[in-house]
>>> print(open('structure-v3.txt').read())   # compact mmCIF, C-alpha atoms
# COMPACT_ATOMS: atom_id res chain seq x y z
CA MET J 7 -14.00 -4.55 33.12
CA ASN J 8 -14.43 -8.22 34.08
CA LEU J 9 -14.47 -9.37 37.70
CA PRO J 10 -10.99 -11.02 37.90
CA VAL J 11 -9.25 -7.89 36.57
CA PHE J 12 -11.26 -5.63 38.90
CA LEU J 13 -10.47 -7.68 42.01
CA ALA J 14 -6.82 -8.10 41.02
CA LYS J 15 -6.44 -4.31 40.71
CA ARG J 16 -8.10 -3.77 44.09
CA ILE J 17 -5.74 -6.23 45.74
CA TYR J 18 -2.69 -4.85 43.90
CA LYS J 19 -3.45 -1.23 44.75
CA GLY J 20 -5.05 -1.86 48.14
CA PRO J 21 -3.35 -0.49 51.28
CA ASP J 22 -3.24 -3.94 52.88
CA MET J 23 -0.97 -5.27 50.11
CA SER J 24 2.03 -3.68 51.80
CA LYS J 25 1.08 -5.21 55.16
CA GLN J 26 0.72 -8.83 54.06
CA VAL J 27 3.04 -11.59 55.25
CA SER J 28 3.65 -12.40 51.59
CA ARG J 29 5.19 -8.99 50.86
CA PRO J 30 8.85 -10.16 51.17
CA ALA J 31 8.13 -13.02 48.76
CA VAL J 32 6.41 -10.64 46.35
CA ILE J 33 9.37 -8.26 46.48
CA ILE J 34 11.82 -11.11 45.85
CA SER J 35 9.69 -12.24 42.90
CA MET J 36 9.71 -8.74 41.37
CA ILE J 37 13.46 -8.47 41.95
CA GLY J 38 13.91 -11.79 40.14
CA ILE J 39 11.88 -10.51 37.19
CA ALA J 40 13.79 -7.20 37.16
CA ILE J 41 17.24 -8.80 37.33
CA GLY J 42 16.33 -11.43 34.74
CA LEU J 43 15.05 -8.90 32.20
CA ALA J 44 17.93 -6.49 32.86
CA VAL J 45 20.52 -9.23 32.32
CA MET J 46 18.78 -10.30 29.11
CA ILE J 47 18.73 -6.73 27.75
CA ILE J 48 22.38 -6.20 28.67
CA SER J 49 23.52 -9.57 27.29
CA VAL J 50 21.67 -9.22 24.00
CA SER J 51 22.84 -5.63 23.47
CA VAL J 52 26.49 -6.47 24.22
CA VAL J 53 26.64 -9.64 22.09
CA THR J 54 24.73 -7.98 19.22
CA GLY J 55 27.03 -4.95 19.40
CA PHE J 56 30.13 -7.14 19.56
CA LYS J 57 29.07 -9.20 16.55
CA ARG J 58 28.22 -6.05 14.59
CA GLU J 59 31.58 -4.41 15.33
CA VAL J 60 33.62 -7.51 14.45
CA ARG J 61 31.62 -8.07 11.27
CA ASN J 62 31.97 -4.40 10.26
CA LYS J 63 35.72 -4.52 10.76
CA VAL J 64 36.14 -7.67 8.69
CA THR J 65 33.88 -6.42 5.90
CA GLY J 66 35.49 -2.98 6.07
CA PHE J 67 38.80 -4.61 5.31
CA ALA J 68 37.71 -7.30 2.89
CA SER J 69 34.26 -6.17 1.72
CA HIS J 70 31.39 -8.69 1.45
CA LEU J 71 32.39 -10.64 -1.66
CA THR J 72 35.67 -11.08 -3.48
CA VAL J 73 35.98 -12.09 -7.13
CA MET J 74 39.38 -13.61 -7.93
CA ASP J 75 41.31 -16.23 -9.83
CA VAL J 76 40.18 -19.63 -8.55
CA ASN J 77 43.85 -20.65 -8.17
CA ALA J 78 44.69 -17.64 -6.01
CA LEU J 79 42.67 -18.53 -2.91
CA GLY J 80 44.68 -18.01 0.26
CA GLY J 81 47.82 -16.58 -1.35
CA TYR J 82 49.50 -13.19 -1.27
CA GLU J 83 51.28 -13.55 -4.63
CA THR J 84 48.65 -14.08 -7.32
CA THR J 85 48.04 -14.16 -11.02
CA PRO J 86 46.05 -11.18 -12.30
CA ILE J 87 42.47 -10.96 -13.41
CA VAL J 88 41.26 -8.41 -15.94
CA TRP J 89 38.94 -5.61 -14.78
CA ASP J 90 37.27 -4.47 -17.98
CA ALA J 91 33.85 -3.23 -19.05
CA ASN J 92 32.56 -6.77 -19.64
CA LEU J 93 33.33 -7.91 -16.09
CA ALA J 94 32.07 -4.63 -14.63
CA ASN J 95 28.75 -4.90 -16.45
CA LEU J 96 28.39 -8.56 -15.48
CA LEU J 97 28.92 -7.91 -11.77
CA ASN J 98 26.89 -4.70 -11.62
CA SER J 99 23.97 -6.49 -13.30
CA HIS J 100 23.26 -8.30 -10.03
CA GLN J 101 20.65 -6.38 -8.04
CA GLN J 102 22.45 -6.90 -4.70
CA VAL J 103 25.80 -5.45 -5.82
CA ALA J 104 26.10 -1.91 -4.46
CA HIS J 105 29.74 -1.19 -5.32
CA ALA J 106 32.71 -2.88 -7.00
CA GLN J 107 36.35 -1.93 -6.43
CA ARG J 108 39.60 -3.54 -7.50
CA TYR J 109 42.90 -3.94 -5.73
CA SER J 110 46.32 -5.41 -6.37
CA GLN J 111 48.68 -6.71 -3.75
CA LYS J 112 52.28 -7.78 -3.36
CA ALA J 113 54.33 -9.12 -0.47
CA GLY J 114 57.27 -7.03 0.67
CA MET J 115 59.32 -5.93 3.65
CA ILE J 116 59.63 -2.60 5.42
CA LYS J 117 63.15 -2.01 6.71
CA THR J 118 64.32 0.70 9.06
CA ASP J 119 67.72 1.28 10.66
CA ASN J 120 66.77 -0.80 13.70
CA SER J 121 64.15 -3.31 12.58
CA PHE J 122 62.15 -4.80 9.73
CA GLN J 123 58.63 -6.11 9.15
CA GLY J 124 57.12 -8.33 6.48
CA VAL J 125 53.98 -6.77 4.99
CA VAL J 126 51.52 -7.09 2.14
CA ILE J 127 51.11 -3.86 0.23
CA LYS J 128 47.55 -3.47 -1.00
CA GLY J 129 47.31 -1.17 -3.98
CA VAL J 130 44.02 0.67 -4.39
CA GLY J 131 42.69 3.31 -6.73
CA PRO J 132 40.24 6.21 -6.70
CA ASP J 133 37.27 3.80 -6.82
CA TYR J 134 38.23 2.34 -3.43
CA HIS J 135 35.86 3.26 -0.57
CA VAL J 136 38.08 4.65 2.20
CA SER J 137 35.40 5.64 4.74
CA PHE J 138 36.17 2.62 6.95
CA PHE J 139 39.85 3.54 7.23
CA GLN J 140 39.10 7.22 7.72
CA GLN J 141 37.05 6.23 10.78
CA HIS J 142 40.00 4.26 12.18
CA LEU J 143 42.81 6.72 11.47
CA THR J 144 44.94 7.59 14.50
CA GLN J 145 47.30 9.96 12.68
CA GLY J 146 47.46 11.72 9.33
CA GLU J 147 45.08 11.02 6.49
CA PHE J 148 44.12 8.31 4.02
CA PRO J 149 45.05 9.90 0.65
CA GLN J 150 43.21 9.53 -2.63
CA PHE J 151 45.39 6.93 -4.30
CA SER J 152 45.78 6.92 -8.08
CA ASP J 153 45.54 4.23 -10.76
CA THR J 154 47.39 6.26 -13.42
CA GLU J 155 50.52 7.37 -11.56
CA SER J 156 52.33 6.71 -8.31
CA THR J 157 51.94 9.27 -5.52
CA ASN J 158 54.70 7.51 -3.53
CA GLN J 159 52.53 7.58 -0.42
CA VAL J 160 51.69 4.78 2.01
CA VAL J 161 49.36 4.16 4.96
CA VAL J 162 50.38 1.65 7.64
CA SER J 163 48.74 0.29 10.79
CA GLN J 164 49.46 1.47 14.31
CA ALA J 165 50.86 -1.97 15.14
CA ILE J 166 53.46 -1.72 12.35
CA ALA J 167 54.21 1.91 13.17
CA ASP J 168 54.83 1.07 16.83
CA LYS J 169 57.07 -1.88 16.03
CA LEU J 170 59.18 0.07 13.54
CA GLN J 171 58.93 3.39 15.44
CA LEU J 172 57.37 5.21 12.52
CA LYS J 173 55.38 8.44 12.48
CA VAL J 174 53.49 10.45 9.87
CA GLY J 175 55.90 12.30 7.61
CA ASP J 176 58.61 9.63 7.71
CA LYS J 177 60.00 8.21 4.48
CA ILE J 178 60.16 4.44 4.61
CA ASP J 179 61.88 1.86 2.41
CA ILE J 180 59.87 -1.14 1.21
CA TYR J 181 61.74 -4.01 -0.43
CA PHE J 182 60.26 -6.54 -2.86
CA MET J 183 61.97 -9.84 -3.60
CA ASP J 184 61.52 -11.36 -7.06
CA GLU J 185 64.34 -12.37 -9.36
CA ASN J 186 66.02 -9.20 -8.12
CA VAL J 187 65.49 -7.12 -5.00
CA ARG J 188 63.60 -3.93 -5.76
CA ALA J 189 62.97 -1.05 -3.38
CA ARG J 190 60.55 1.87 -3.13
CA LYS J 191 60.89 4.89 -0.86
CA LEU J 192 57.41 6.03 0.20
CA LEU J 193 56.08 8.86 2.32
CA LEU J 194 54.05 7.77 5.35
CA THR J 195 50.87 9.89 5.24
CA GLY J 196 48.54 8.02 7.59
CA ILE J 197 48.33 5.47 10.40
CA TYR J 198 45.20 3.42 11.04
CA GLN J 199 44.19 1.10 13.87
CA THR J 200 41.38 -1.46 13.74
CA HIS J 201 42.65 -3.66 16.62
CA PHE J 202 42.23 -6.62 14.26
CA ALA J 203 45.68 -8.19 14.43
CA ALA J 204 45.12 -10.49 11.45
CA PHE J 205 44.93 -7.38 9.27
CA ASP J 206 46.82 -4.70 11.23
CA ASP J 207 49.99 -6.79 11.44
CA VAL J 208 50.07 -7.43 7.69
CA TYR J 209 48.53 -4.81 5.41
CA VAL J 210 49.75 -1.42 4.24
CA PHE J 211 48.07 0.67 1.52
CA SER J 212 49.40 2.49 -1.50
CA ASP J 213 48.63 3.15 -5.19
CA ILE J 214 47.39 0.32 -7.37
CA TYR J 215 49.45 1.84 -10.19
CA MET J 216 52.71 1.25 -8.29
CA VAL J 217 51.76 -2.29 -7.23
CA ASN J 218 50.83 -3.21 -10.82
CA ARG J 219 54.21 -1.95 -11.98
CA LEU J 220 55.92 -4.08 -9.34
CA ASN J 221 53.89 -7.10 -10.48
CA ARG J 222 54.57 -6.23 -14.14
CA TRP J 223 50.85 -6.15 -14.83
CA GLU J 224 48.82 -4.06 -17.22
CA ASP J 225 46.76 -1.08 -16.04
CA ASP J 226 43.45 -2.99 -16.33
CA GLU J 227 44.68 -5.96 -14.27
CA ALA J 228 44.25 -6.57 -10.55
CA THR J 229 44.55 -9.20 -7.85
CA ALA J 230 40.81 -9.29 -7.16
CA ILE J 231 37.55 -7.35 -7.22
CA GLU J 232 35.77 -6.55 -3.95
CA LEU J 233 31.97 -6.29 -3.97
CA ALA J 234 29.81 -4.53 -1.39
CA ILE J 235 26.25 -5.85 -1.25
CA LYS J 236 23.10 -4.05 -0.18
CA ASP J 237 21.69 -6.60 2.27
CA TYR J 238 24.07 -8.68 4.40
CA GLY J 239 21.27 -11.14 5.09
CA THR J 240 21.49 -12.27 1.45
CA LEU J 241 25.24 -12.97 1.63
CA GLU J 242 25.08 -16.72 0.98
CA GLN J 243 22.50 -16.42 -1.79
CA THR J 244 24.36 -13.53 -3.45
CA THR J 245 27.65 -15.46 -3.30
CA TYR J 246 26.03 -18.39 -5.09
CA GLU J 247 24.37 -16.19 -7.71
CA VAL J 248 27.52 -14.16 -8.45
CA GLY J 249 29.49 -17.40 -8.67
CA SER J 250 26.95 -18.70 -11.17
CA LEU J 251 27.37 -15.56 -13.28
CA LEU J 252 31.13 -16.21 -13.41
CA ASN J 253 30.93 -19.92 -14.28
CA ASP J 254 31.24 -19.39 -18.01
CA TYR J 255 33.21 -16.13 -17.90
CA THR J 256 36.89 -15.97 -18.86
CA ASP J 257 39.21 -13.06 -19.57
CA ARG J 258 41.92 -12.73 -22.19
CA HIS J 259 44.24 -14.89 -20.08
CA GLY J 260 41.68 -17.69 -19.93
CA THR J 261 41.46 -17.24 -16.15
CA GLN J 262 38.65 -19.04 -14.36
CA TYR J 263 36.98 -16.76 -11.79
CA CYS J 264 35.31 -17.58 -8.48
CA ALA J 265 33.37 -15.62 -5.85
CA VAL J 266 34.06 -16.09 -2.12
CA ASN J 267 32.35 -14.23 0.69
CA VAL J 268 33.86 -12.75 3.82
CA GLU J 269 32.63 -15.61 6.01
CA GLN J 270 34.33 -18.18 3.78
CA GLN J 271 37.58 -16.20 3.87
CA ASN J 272 37.50 -15.82 7.67
CA PRO J 273 35.87 -19.03 8.95
CA ALA J 274 37.49 -18.93 12.40
CA VAL J 275 36.16 -15.45 13.18
CA PHE J 276 32.60 -16.14 12.08
CA SER J 277 32.50 -19.57 13.74
CA TRP J 278 33.47 -17.82 16.96
CA LEU J 279 30.63 -15.33 16.48
CA GLU J 280 28.17 -18.21 15.98
CA VAL J 281 29.24 -19.64 19.35
CA LEU J 282 28.19 -16.34 20.94
CA ASP J 283 24.62 -16.98 19.72
CA VAL J 284 24.59 -20.22 21.72
CA ASN J 285 25.76 -18.32 24.81
CA ILE J 286 22.95 -15.83 24.40
CA TRP J 287 20.31 -18.55 24.25
CA VAL J 288 21.75 -20.15 27.37
CA ILE J 289 21.59 -16.82 29.20
CA LEU J 290 18.02 -16.15 28.04
CA VAL J 291 16.81 -19.59 29.16
CA LEU J 292 18.53 -19.27 32.56
CA MET J 293 17.26 -15.76 33.24
CA ILE J 294 13.68 -16.52 32.20
CA GLY J 295 13.82 -19.68 34.29
CA ILE J 296 15.04 -17.80 37.35
CA ALA J 297 12.43 -15.06 36.90
CA GLY J 298 9.66 -17.60 36.36
CA PHE J 299 10.50 -19.76 39.37
CA THR J 300 10.76 -16.79 41.74
CA MET J 301 7.34 -15.68 40.49
CA ILE J 302 5.94 -19.19 41.04
CA ALA J 303 7.14 -19.10 44.65
CA GLY J 304 5.57 -15.68 45.13
CA LEU J 305 2.25 -16.78 43.66
CA LEU J 306 2.06 -19.89 45.84
CA ILE J 307 2.69 -17.82 48.96
CA ILE J 308 -0.01 -15.32 47.93
CA ILE J 309 -2.50 -18.13 47.31
CA ILE J 310 -1.79 -19.72 50.68
CA GLU J 311 -2.07 -16.37 52.44
CA ARG J 312 -5.41 -15.59 50.78
CA THR J 313 -6.99 -19.01 51.26
CA GLN J 314 -9.87 -17.49 53.25
CA MET J 315 -10.54 -14.97 50.48
CA ILE J 316 -10.59 -17.78 47.92
CA GLY J 317 -13.09 -19.72 50.02
CA LEU J 318 -15.27 -16.65 50.42
CA LEU J 319 -15.30 -15.97 46.69
CA LYS J 320 -16.23 -19.58 45.96
CA SER J 321 -19.02 -19.50 48.55
CA LEU J 322 -20.40 -16.39 46.82
CA GLY J 323 -20.58 -18.28 43.51
CA ALA J 324 -17.20 -17.67 41.88
CA ASN J 325 -15.94 -20.73 40.04
CA ASN J 326 -12.36 -22.00 39.93
CA THR J 327 -11.66 -20.36 36.57
CA THR J 328 -12.67 -16.91 37.83
CA VAL J 329 -10.52 -17.20 40.96
CA ARG J 330 -7.56 -18.53 38.96
CA HIS J 331 -7.82 -15.62 36.53
CA LEU J 332 -7.89 -13.22 39.49
CA PHE J 333 -4.53 -14.46 40.76
CA LEU J 334 -3.04 -14.66 37.28
CA TRP J 335 -3.98 -11.03 36.66
CA LEU J 336 -2.47 -10.11 40.03
CA SER J 337 0.71 -11.89 38.91
CA VAL J 338 0.70 -9.95 35.62
CA PHE J 339 0.60 -6.65 37.58
CA LEU J 340 3.50 -7.79 39.78
CA ILE J 341 5.49 -9.05 36.77
CA GLY J 342 4.83 -5.73 35.04
CA ARG J 343 6.32 -3.79 37.95
CA GLY J 344 9.38 -6.04 37.95
CA MET J 345 9.76 -5.63 34.19
CA LEU J 346 9.55 -1.86 34.57
CA TRP J 347 12.57 -1.86 36.88
CA GLY J 348 14.34 -4.38 34.67
CA ASN J 349 13.94 -2.07 31.69
CA VAL J 350 15.18 0.89 33.72
CA ILE J 351 18.33 -0.99 34.74
CA GLY J 352 18.98 -2.59 31.34
CA LEU J 353 18.33 0.51 29.22
CA THR J 354 20.32 2.74 31.59
CA PHE J 355 23.34 0.48 31.08
CA TYR J 356 22.75 0.48 27.32
CA PHE J 357 22.57 4.26 26.90
CA VAL J 358 25.40 5.00 29.34
CA GLN J 359 27.72 2.54 27.57
CA ARG J 360 26.65 3.65 24.10
CA TYR J 361 27.32 7.34 24.68
CA THR J 362 30.24 7.20 27.16
CA GLY J 363 32.00 3.87 26.52
CA VAL J 364 32.80 3.67 30.22
CA LEU J 365 33.48 -0.10 30.12
CA ARG J 366 36.76 -0.85 28.35
CA LEU J 367 38.23 -3.98 26.77
CA ASP J 368 41.69 -5.28 25.95
CA PRO J 369 41.90 -4.73 22.17
CA THR J 370 44.56 -7.41 21.72
CA THR J 371 42.00 -10.01 22.82
CA TYR J 372 38.62 -8.57 21.83
CA TYR J 373 39.52 -6.58 18.65
CA MET J 374 38.11 -3.36 20.17
CA ASP J 375 38.92 -1.07 23.09
CA MET J 376 35.45 -0.69 24.62
CA VAL J 377 32.34 -2.81 25.14
CA PRO J 378 30.07 -2.27 22.10
CA VAL J 379 26.29 -2.27 22.48
CA SER J 380 23.50 -2.50 19.93
CA LEU J 381 19.79 -2.95 20.65
CA SER J 382 16.96 -2.46 18.16
CA PHE J 383 13.40 -1.66 19.17
CA PRO J 384 11.96 -4.95 17.78
CA VAL J 385 14.48 -7.00 19.80
CA TRP J 386 13.76 -4.99 22.97
CA LEU J 387 10.02 -5.42 22.44
CA LEU J 388 10.43 -9.16 21.82
CA LEU J 389 12.41 -9.56 25.05
CA ASN J 390 9.66 -7.84 27.03
CA ILE J 391 6.79 -9.71 25.41
CA GLY J 392 8.62 -13.02 25.71
CA THR J 393 9.40 -12.46 29.40
CA LEU J 394 5.78 -11.59 30.18
CA LEU J 395 4.26 -14.48 28.23
CA ILE J 396 6.68 -17.15 29.47
CA SER J 397 6.37 -15.97 33.07
CA VAL J 398 2.56 -16.10 32.92
CA LEU J 399 2.61 -19.51 31.20
CA MET J 400 4.85 -20.86 33.97
CA LEU J 401 2.21 -19.74 36.50
CA LEU J 402 -0.64 -21.64 34.87
CA GLY J 403 0.28 -24.92 36.55
CA PRO J 404 0.69 -23.56 40.10
CA SER J 405 -2.58 -21.62 39.76
CA TYR J 406 -4.46 -24.95 39.69
CA LEU J 407 -3.75 -25.18 43.44
CA ILE J 408 -6.82 -22.97 43.78
CA THR J 409 -9.06 -25.79 42.56
CA ARG J 410 -8.02 -27.86 45.61
CA ILE J 411 -9.27 -25.22 48.05
CA HIS J 412 -12.81 -25.89 49.32
CA PRO J 413 -14.98 -23.14 50.83
CA ALA J 414 -15.88 -25.10 53.99
CA SER J 415 -12.31 -25.96 54.94
CA SER J 416 -10.88 -22.58 53.88
CA MET J 417 -13.17 -20.64 56.24
CA ARG J 418 -11.41 -22.34 59.17
CA TYR J 419 -7.95 -21.69 57.68
CA GLU J 420 -5.69 -19.42 59.71
>>> encode(input="structure-v3.txt", output="structure tokens")
Amino acid sequence: MNLPVFLAKRIYKGPDMSKQVSRPAVIISMIGIAIGLAVMIISVSVVTGFKREVRNKVTGFASHLTVMDVNALGGYETTPIVWDANLANLLNSHQQVAHAQRYSQKAGMIKTDNSFQGVVIKGVGPDYHVSFFQQHLTQGEFPQFSDTESTNQVVVSQAIADKLQLKVGDKIDIYFMDENVRARKLLLTGIYQTHFAAFDDVYVFSDIYMVNRLNRWEDDEATAIELAIKDYGTLEQTTYEVGSLLNDYTDRHGTQYCAVNVEQQNPAVFSWLEVLDVNIWVILVLMIGIAGFTMIAGLLIIIIERTQMIGLLKSLGANNTTVRHLFLWLSVFLIGRGMLWGNVIGLTFYFVQRYTGVLRLDPTTYYMDMVPVSLSFPVWLLLNIGTLLISVLMLLGPSYLITRIHPASSMRYE
């Protein structure tokens, strides 16, 4: 063990450390480190969890990529595309495509004796992944919809059910306006709730077979194809590559296809999430700054208090570098203790919130009913390493005060 580390440990563990005048300043410095790291852990876990939950809800509803008629962007009433073996093979040939599913949709209106609600009925088939909606069911079940016959079943959102005073088991009338008004009486088998008003207030689910009949489409036609990809980090690149595959592809109608990703379809939501990243960086800079400056104040007080010791060490042959390293190592030990308490506070909040959900949110504003948290080990480790390194680097400048202390004058210092 080198001399600076040895002396720093003796000072740190020595019984006189608790009796020094500098003890209140040291305690305040460690509290600053602890609070700074705890706030960083809590902020990162909450924002990361919030972004993950919002992204999962949007992609659960709309998948990662959508292949559709280029003229159908942004509309509820669309011209069909053809889902055949050629298109399936083309899309599945991309290494990032994990699953492809088709859907058809049509605008309509649910009418009850006392109220009515405009909706978009989204017809899906047996290839549709329903795990997302099964996780968000509040009543009933999400049935296995068919693409060869109509089961006359429907799933609506909790928002629509509350407005129209519907419950599982009710038979509801849905009206569709074309040249003539057509109606379907469907059995309500399930109610879901995602707290995402842009979707909950609009979409209901039923058989793709029935929706195709309402649209007067063939069995192999659909509004669009949804693609789930394996790695979300490749979303932009995969969108471009799938779009390139479709450039020269046309179906029997001569339809020109395009590929749009979930971020392009929901720009307001994802722009909002990007703003949260800026907030996180602001919080990290402020907290590290506060922790660093409190530690600087503590180090300066320790140096002033131990001026005689510095002079003695220099008179015994220690150079400025050795003495500076001694106090920097002492600072590392103090920072480490503060970081320990910061981790205890931050991780306690994380695990309590993760497993109990004690902190709640207004779902009409935040799209979820409790504060979500998510913290990976690499991120936690990076926060700790970054806090330690930046705090020590901020102490390098103040440590040069030691070079201004001369043995002769320091011996008379009181």
>>> closest_residue(input="structure-v3.txt", among="J:Ile39, J:Ile180, J:Ala234, J:Leu93", to="Arg258 (chain J)", atoms="all atoms listed in the file")
J:Leu93
>>> closest_residue(input="structure-v3.txt", among="J:Ile396, J:Ala297, J:Ile308, J:Ala91", to="Gly348 (chain J)", atoms="only C-alpha atoms")
J:Ala297
>>> closest_residue(input="structure-v3.txt", among="J:Leu192, J:Val50, J:Ile302, J:Val60", to="Asp283 (chain J)", atoms="only C-alpha atoms")
J:Val50
>>> residues_around(input="structure-v3.txt", residues="Leu290 (chain J)", least_positions_apart="3", cutoff="12 Å", atoms="only C-alpha atoms", output="ChimeraX atom specification")
/J:41-50,283-287,293-298,389-390,392-393,396
>>> residues_around(input="structure-v3.txt", residues="Ile87 (chain J)", least_positions_apart="2", cutoff="8 Å", atoms="only C-alpha atoms", output="count of residues only")
11
>>> closest_atom_pairs(input="structure-v3.txt", of="region 205-262 of chain J", to="region 116-129 of chain J", cutoff="9 Å", atoms="only C-alpha atoms", output="Markdown table")
| residue | atom | partner | partner_atom | distance |
| --- | --- | --- | --- | --- |
| J:Asp207 | CA | J:Val125 | CA | 7.6 |
| J:Val208 | CA | J:Val125 | CA | 4.8 |
| J:Tyr209 | CA | J:Val126 | CA | 5.0 |
| J:Val210 | CA | J:Ile127 | CA | 4.9 |
| J:Phe211 | CA | J:Lys128 | CA | 4.9 |
| J:Ser212 | CA | J:Gly129 | CA | 4.9 |
| J:Asp213 | CA | J:Gly129 | CA | 4.7 |
| J:Ile214 | CA | J:Gly129 | CA | 3.7 |
| J:Tyr215 | CA | J:Gly129 | CA | 7.2 |
| J:Met216 | CA | J:Gly129 | CA | 7.3 |
| J:Val217 | CA | J:Gly129 | CA | 5.6 |
| J:Asn218 | CA | J:Gly129 | CA | 8.0 |
>>> decode(input="structure-v3.txt", residues="region 186-207 of chain J", atoms="N, CA and C atoms", output="JSON list (two decimals), in the first residue's frame")
[["chain", "number", "residue", "atom", "x", "y", "z"],
["J", 186, "ASN", "N", -75.73, 3.19, -47.86],
["J", 186, "ASN", "CA", -76.86, 2.89, -46.99],
["J", 186, "ASN", "C", -76.33, 2.67, -45.58],
["J", 187, "VAL", "N", -77.19, 2.82, -44.61],
["J", 187, "VAL", "CA", -76.83, 2.57, -43.21],
["J", 187, "VAL", "C", -76.96, 1.08, -42.95],
["J", 188, "ARG", "N", -75.88, 0.50, -42.48],
["J", 188, "ARG", "CA", -75.88, -0.92, -42.12],
["J", 188, "ARG", "C", -75.60, -1.06, -40.64],
["J", 189, "ALA", "N", -76.13, -2.10, -40.04],
["J", 189, "ALA", "CA", -75.98, -2.30, -38.59],
["J", 189, "ALA", "C", -75.55, -3.72, -38.29],
["J", 190, "ARG", "N", -74.81, -3.89, -37.20],
["J", 190, "ARG", "CA", -74.42, -5.20, -36.69],
["J", 190, "ARG", "C", -74.68, -5.23, -35.19],
["J", 191, "LYS", "N", -75.28, -6.31, -34.74],
["J", 191, "LYS", "CA", -75.50, -6.50, -33.30],
["J", 191, "LYS", "C", -74.43, -7.48, -32.81],
["J", 192, "LEU", "N", -73.56, -7.00, -31.90],
["J", 192, "LEU", "CA", -72.42, -7.78, -31.44],
["J", 192, "LEU", "C", -72.46, -7.96, -29.93],
["J", 193, "LEU", "N", -71.92, -9.08, -29.50],
["J", 193, "LEU", "CA", -71.85, -9.41, -28.07],
["J", 193, "LEU", "C", -70.56, -8.84, -27.48],
["J", 194, "LEU", "N", -70.70, -8.06, -26.42],
["J", 194, "LEU", "CA", -69.53, -7.49, -25.75],
["J", 194, "LEU", "C", -68.90, -8.56, -24.85],
["J", 195, "THR", "N", -67.69, -9.00, -25.21],
["J", 195, "THR", "CA", -67.03, -10.08, -24.46],
["J", 195, "THR", "C", -65.87, -9.62, -23.60],
["J", 196, "GLY", "N", -65.38, -8.39, -23.84],
["J", 196, "GLY", "CA", -64.23, -7.93, -23.07],
["J", 196, "GLY", "C", -64.13, -6.42, -23.05],
["J", 197, "ILE", "N", -63.51, -5.90, -21.98],
["J", 197, "ILE", "CA", -63.28, -4.46, -21.84],
["J", 197, "ILE", "C", -61.82, -4.27, -21.45],
["J", 198, "TYR", "N", -61.11, -3.45, -22.21],
["J", 198, "TYR", "CA", -59.70, -3.19, -21.93],
["J", 198, "TYR", "C", -59.51, -1.74, -21.51],
["J", 199, "GLN", "N", -58.37, -1.46, -20.88],
["J", 199, "GLN", "CA", -58.04, -0.10, -20.48],
["J", 199, "GLN", "C", -56.53, 0.10, -20.53],
["J", 200, "THR", "N", -56.09, 0.98, -21.43],
["J", 200, "THR", "CA", -54.65, 1.28, -21.52],
["J", 200, "THR", "C", -54.34, 2.67, -20.98],
["J", 201, "HIS", "N", -55.37, 3.47, -20.67],
["J", 201, "HIS", "CA", -55.22, 4.86, -20.22],
["J", 201, "HIS", "C", -54.64, 5.76, -21.31],
["J", 202, "PHE", "N", -54.60, 5.26, -22.55],
["J", 202, "PHE", "CA", -54.08, 6.05, -23.66],
["J", 202, "PHE", "C", -55.30, 6.55, -24.44],
["J", 203, "ALA", "N", -55.72, 7.78, -24.14],
["J", 203, "ALA", "CA", -56.99, 8.29, -24.65],
["J", 203, "ALA", "C", -57.05, 8.29, -26.17],
["J", 204, "ALA", "N", -55.91, 8.54, -26.83],
["J", 204, "ALA", "CA", -55.90, 8.58, -28.29],
["J", 204, "ALA", "C", -56.37, 7.27, -28.90],
["J", 205, "PHE", "N", -56.18, 6.17, -28.18],
["J", 205, "PHE", "CA", -56.61, 4.86, -28.66],
["J", 205, "PHE", "C", -57.89, 4.41, -27.96],
["J", 206, "ASP", "N", -57.95, 4.56, -26.63],
["J", 206, "ASP", "CA", -59.09, 4.06, -25.87],
["J", 206, "ASP", "C", -60.40, 4.71, -26.30],
["J", 207, "ASP", "N", -60.35, 5.97, -26.69],
["J", 207, "ASP", "CA", -61.59, 6.68, -27.05],
["J", 207, "ASP", "C", -62.07, 6.35, -28.46]]
